[in-house]
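Chemist: Handing over upload25.cif, mmCIF, C-alpha atoms.
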data_data
#
loop_
_atom_site.group_PDB
_atom_site.id
_atom_site.type_symbol
_atom_site.label_atom_id
_atom_site.label_comp_id
_atom_site.auth_asym_id
_atom_site.auth_seq_id
_atom_site.Cartn_x
_atom_site.Cartn_y
_atom_site.Cartn_z
ATOM 1 C CA MET A 1 0.000 0.000 0.000
ATOM 2 C CA GLY A 2 1.307 3.449 -0.879
ATOM 3 C CA PHE A 3 0.747 6.888 0.560
ATOM 4 C CA ALA A 4 1.647 10.430 -0.459
ATOM 5 C CA VAL A 5 3.562 12.898 1.683
ATOM 6 C CA THR A 6 3.165 16.589 1.025
ATOM 7 C CA GLN A 7 5.612 19.089 2.458
ATOM 8 C CA SER A 8 5.666 22.816 1.979
ATOM 9 C CA GLN A 9 8.731 24.935 2.537
ATOM 10 C CA GLU A 10 9.508 28.605 1.993
ATOM 11 C CA LEU A 11 12.398 29.161 -0.402
ATOM 12 C CA GLU A 12 14.563 32.192 -1.074
ATOM 13 C CA THR A 13 16.321 32.743 -4.353
ATOM 14 C CA ASP A 14 19.812 34.099 -4.861
ATOM 15 C CA THR A 15 22.325 34.392 -7.650
ATOM 16 C CA CYS A 16 25.851 32.967 -7.550
ATOM 17 C CA ALA A 17 28.415 35.758 -7.495
ATOM 18 C CA VAL A 18 30.857 33.611 -9.532
ATOM 19 C CA CYS A 19 28.809 31.989 -12.296
ATOM 20 C CA GLY A 20 25.539 33.943 -12.111
ATOM 21 C CA VAL A 21 23.250 30.896 -11.855
ATOM 22 C CA LEU A 22 19.929 31.496 -10.081
ATOM 23 C CA PHE A 23 19.266 29.028 -7.268
ATOM 24 C CA ALA A 24 16.922 28.586 -4.319
ATOM 25 C CA MET A 25 17.622 27.738 -0.693
ATOM 26 C CA PRO A 26 15.267 27.097 2.219
ATOM 27 C CA ALA A 27 14.521 30.376 4.011
ATOM 28 C CA HIS A 28 15.721 29.058 7.377
ATOM 29 C CA LEU A 29 19.087 28.079 5.843
ATOM 30 C CA THR A 30 19.516 31.486 4.200
ATOM 31 C CA LYS A 31 18.740 33.170 7.520
ATOM 32 C CA ALA A 32 21.233 30.929 9.339
ATOM 33 C CA ARG A 33 24.018 31.623 6.809
ATOM 34 C CA ARG A 34 23.410 35.357 6.983
ATOM 35 C CA SER A 35 23.819 35.299 10.770
ATOM 36 C CA ASP A 36 26.681 32.771 11.156
ATOM 37 C CA LYS A 37 28.486 33.735 7.917
ATOM 38 C CA GLN A 38 29.475 30.112 7.211
ATOM 39 C CA ILE A 39 30.103 29.029 3.645
ATOM 40 C CA PHE A 40 27.553 27.385 1.339
ATOM 41 C CA PHE A 41 27.696 26.273 -2.276
ATOM 42 C CA CYS A 42 25.857 27.176 -5.462
ATOM 43 C CA PRO A 43 24.568 24.254 -7.617
ATOM 44 C CA ASN A 44 27.757 24.492 -9.713
ATOM 45 C CA GLY A 45 29.958 24.035 -6.615
ATOM 46 C CA HIS A 46 31.198 27.607 -6.106
ATOM 47 C CA THR A 47 31.916 28.548 -2.489
ATOM 48 C CA LEU A 48 29.773 31.449 -1.285
ATOM 49 C CA SER A 49 29.210 33.258 2.007
ATOM 50 C CA PHE A 50 27.477 36.324 3.358
ATOM 51 C CA THR A 51 30.112 38.709 4.681
ATOM 52 C CA LYS A 52 27.989 41.100 6.743
ATOM 53 C CA SER A 53 24.475 40.824 7.981
ATOM 54 C CA GLU A 54 22.214 43.858 8.148
ATOM 55 C CA VAL A 55 22.388 43.690 11.958
ATOM 56 C CA ASP A 56 26.217 43.777 11.869
ATOM 57 C CA ARG A 57 26.214 46.699 9.462
ATOM 58 C CA LEU A 58 23.775 48.658 11.646
ATOM 59 C CA LYS A 59 25.759 47.859 14.814
ATOM 60 C CA GLU A 60 28.936 49.192 13.190
ATOM 61 C CA GLU A 61 27.144 52.319 12.038
ATOM 62 C CA LEU A 62 25.722 52.889 15.529
ATOM 63 C CA ALA A 63 29.178 52.447 17.076
ATOM 64 C CA ARG A 64 30.658 54.991 14.625
ATOM 65 C CA GLU A 65 27.896 57.484 15.452
ATOM 66 C CA LYS A 66 28.430 57.013 19.197
ATOM 67 C CA GLU A 67 32.175 57.591 18.792
ATOM 68 C CA ALA A 68 31.557 60.746 16.745
ATOM 69 C CA ALA A 69 29.136 62.079 19.362
ATOM 70 C CA GLN A 70 31.650 61.368 22.152
ATOM 71 C CA ARG A 71 34.419 63.139 20.207
ATOM 72 C CA ALA A 72 32.130 66.154 19.737
ATOM 73 C CA ARG A 73 31.329 66.241 23.486
ATOM 74 C CA ASP A 74 35.024 65.949 24.359
ATOM 75 C CA GLU A 75 35.939 68.757 21.949
ATOM 76 C CA SER A 76 33.187 70.985 23.331
ATOM 77 C CA ALA A 77 34.364 70.379 26.905
ATOM 78 C CA ARG A 78 37.957 71.144 25.878
ATOM 79 C CA LYS A 79 36.899 74.417 24.250
ATOM 80 C CA ASP A 80 34.874 75.360 27.340
ATOM 81 C CA ARG A 81 37.939 74.758 29.549
ATOM 82 C CA LEU A 82 40.148 76.852 27.253
ATOM 83 C CA LEU A 83 37.600 79.675 27.218
ATOM 84 C CA SER A 84 37.284 79.597 30.986
ATOM 85 C CA ALA A 85 41.072 79.686 31.398
ATOM 86 C CA ALA A 86 41.362 82.630 28.990
ATOM 87 C CA ARG A 87 38.673 84.542 30.881
ATOM 88 C CA GLY A 88 40.500 83.875 34.142
ATOM 89 C CA GLN A 89 43.777 85.180 32.709
ATOM 90 C CA ALA A 90 42.064 88.303 31.348
ATOM 91 C CA THR A 91 40.448 88.958 34.723
ATOM 92 C CA LYS A 92 43.782 88.518 36.476
ATOM 93 C CA ILE A 93 45.517 91.001 34.135
ATOM 94 C CA LYS A 94 42.700 93.555 34.447
ATOM 95 C CA LYS A 95 42.866 93.406 38.239
ATOM 96 C CA ARG A 96 46.635 93.913 38.174
ATOM 97 C CA ILE A 97 46.329 96.890 35.805
ATOM 98 C CA SER A 98 43.596 98.475 37.920
ATOM 99 C CA ASN A 99 45.943 98.161 40.900
ATOM 100 C CA GLY A 100 48.692 99.956 38.971
ATOM 101 C CA VAL A 101 50.868 96.942 38.054
ATOM 102 C CA CYS A 102 52.436 96.818 34.585
ATOM 103 C CA PRO A 103 51.452 93.496 32.892
ATOM 104 C CA CYS A 104 54.855 93.280 31.162
ATOM 105 C CA CYS A 105 57.460 94.054 33.812
ATOM 106 C CA ASN A 106 55.369 93.594 36.981
ATOM 107 C CA ARG A 107 56.421 97.006 38.321
ATOM 108 C CA THR A 108 53.899 99.070 40.258
ATOM 109 C CA PHE A 109 53.147 102.590 39.006
ATOM 110 C CA ILE A 110 51.471 104.899 41.466
ATOM 111 C CA ASN A 111 50.312 107.183 38.629
ATOM 112 C CA LEU A 112 48.509 104.353 36.851
ATOM 113 C CA HIS A 113 46.863 103.264 40.089
ATOM 114 C CA ARG A 114 45.796 106.849 40.824
ATOM 115 C CA HIS A 115 44.578 107.349 37.211
ATOM 116 C CA MET A 116 42.456 104.171 37.325
ATOM 117 C CA GLY A 117 41.017 105.178 40.701
ATOM 118 C CA THR A 118 40.110 108.772 39.711
ATOM 119 C CA LYS A 119 39.258 108.587 35.975
ATOM 120 C CA HIS A 120 37.786 105.079 35.800
ATOM 121 C CA PRO A 121 36.574 104.237 39.314
ATOM 122 C CA ASP A 122 33.878 101.832 38.087
ATOM 123 C CA TRP A 123 36.176 99.958 35.633
ATOM 124 C CA LYS A 124 37.412 97.502 38.222
ATOM 125 C CA GLU A 125 33.973 96.210 39.163
ATOM 126 C CA GLN A 126 32.131 96.503 35.821
ATOM 127 C CA ASP A 127 34.627 95.546 33.141
ATOM 128 C CA ILE A 128 36.219 92.666 34.966
ATOM 129 C CA GLU A 129 32.844 90.962 35.359
ATOM 130 C CA LYS A 130 31.581 91.859 31.862
ATOM 131 C CA GLY A 131 34.860 91.209 30.078
ATOM 132 C CA GLY A 132 34.893 94.711 28.523
ATOM 133 C CA ALA A 133 37.834 97.001 27.865
ATOM 134 C CA ALA A 134 38.795 100.165 29.689
ATOM 135 C CA SER A 135 37.897 103.439 28.026
#
If you took the structure in this file and wrote it as structure tokens, what would it be?
Modeler:
Amino acid sequence: MGFAVTQSQELETDTCAVCGVLFAMPAHLTKARRSDKQIFFCPNGHTLSFTKSEVDRLKEELAREKEAAQRARDESARKDRLLSAARGQATKIKKRISNGVCPCCNRTFINLHRHMGTKHPDWKEQDIEKGGAAS
């Protein structure tokens, strides 16, 4: 006595990169080869493999974007530190000048101190905090 067996299976088609022949593989096998990147063969015996899965490609792209964002944050923080240091140096020099000290030779000049106190009495408080120049 005989009987018939019917089986259905989803197939995916691909083309051999070497000879160009069109062939079909079970969908589960194609999925497995895309994830594990093991070799498989076309019907003519050529060795084939999937080099990168879509997931791998997206992971690499995400890693590159994260690295670029971190570099941008690091550069911004570095620029903020440099700006803060420059402001501190400018404030230090302005305070010394308002006290009559030459920024070049560090000598104290009573005339400069007197001039700053009489002609520009508000310069010390205002311009140091605002970052402006003396008039």
Chemist: I'd like the contact shell of stretch 93-97 of chain A - 8 Å cut-off, all atoms listed in the file, skipping same-chain residues fewer than 3 positions apart - returned as a list in words.
Modeler: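 That gives Gln89, Ala90, Gly100, Val101, Cys102, Pro103, Leu112, His113, Lys124 and Ile128 of chain A.
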Chemist: Atom CA of A:Lys31 to atom CA of A:Gly45: how many Å, to one decimal?
Modeler: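 Calculated distance between atom CA of A:Lys31 and atom CA of A:Gly45 is 20.2 Å.
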Chemist: Translate the PyMOL selection byres ((chain A and resi 38) around 12), as applied to the file shown, into an explicit residue set as a VMD selection string.
Modeler: chain A and resid 29 to 37 39 to 41 47 to 53
Chemist: Select, from A:Ala27, A:Ser98, A:Asn106, A:Glu54, the residue with the minimum atom-to-atom distance to A:Lys119, counting only C-alpha atoms.
Modeler: A:Ser98
Chemist: Find the spatial neighbours of A:Glu12, counting only C-alpha atoms, within a cut-off of 9 Å - ignore same-chain residues fewer than 2 positions away - and output them as a ChimeraX atom specification.
Modeler: /A:10,14,23-27,30
Chemist: Which distance in Å separates atom CA of A:Pro43 and atom CA of A:Thr13, to one decimal?
Modeler: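 We find that atom CA of A:Pro43 and atom CA of A:Thr13 lie 12.3 Å from each other.
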Chemist: One decimal, Å: what's the distance from atom CA of A:Leu22 over to atom CA of A:His46, could you say?
Modeler: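 Atom CA of A:Leu22 sits 12.6 Å away from atom CA of A:His46.
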Chemist: Given the choices A:Ala63, A:Leu83, A:Cys105, A:Cys42, which gets closest to A:Gly20 if the distance is worked out from all atoms listed in the file?
Modeler: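 Ranking A:Ala63, A:Leu83, A:Cys105, A:Cys42 by distance to A:Gly20, first place goes to A:Cys42.
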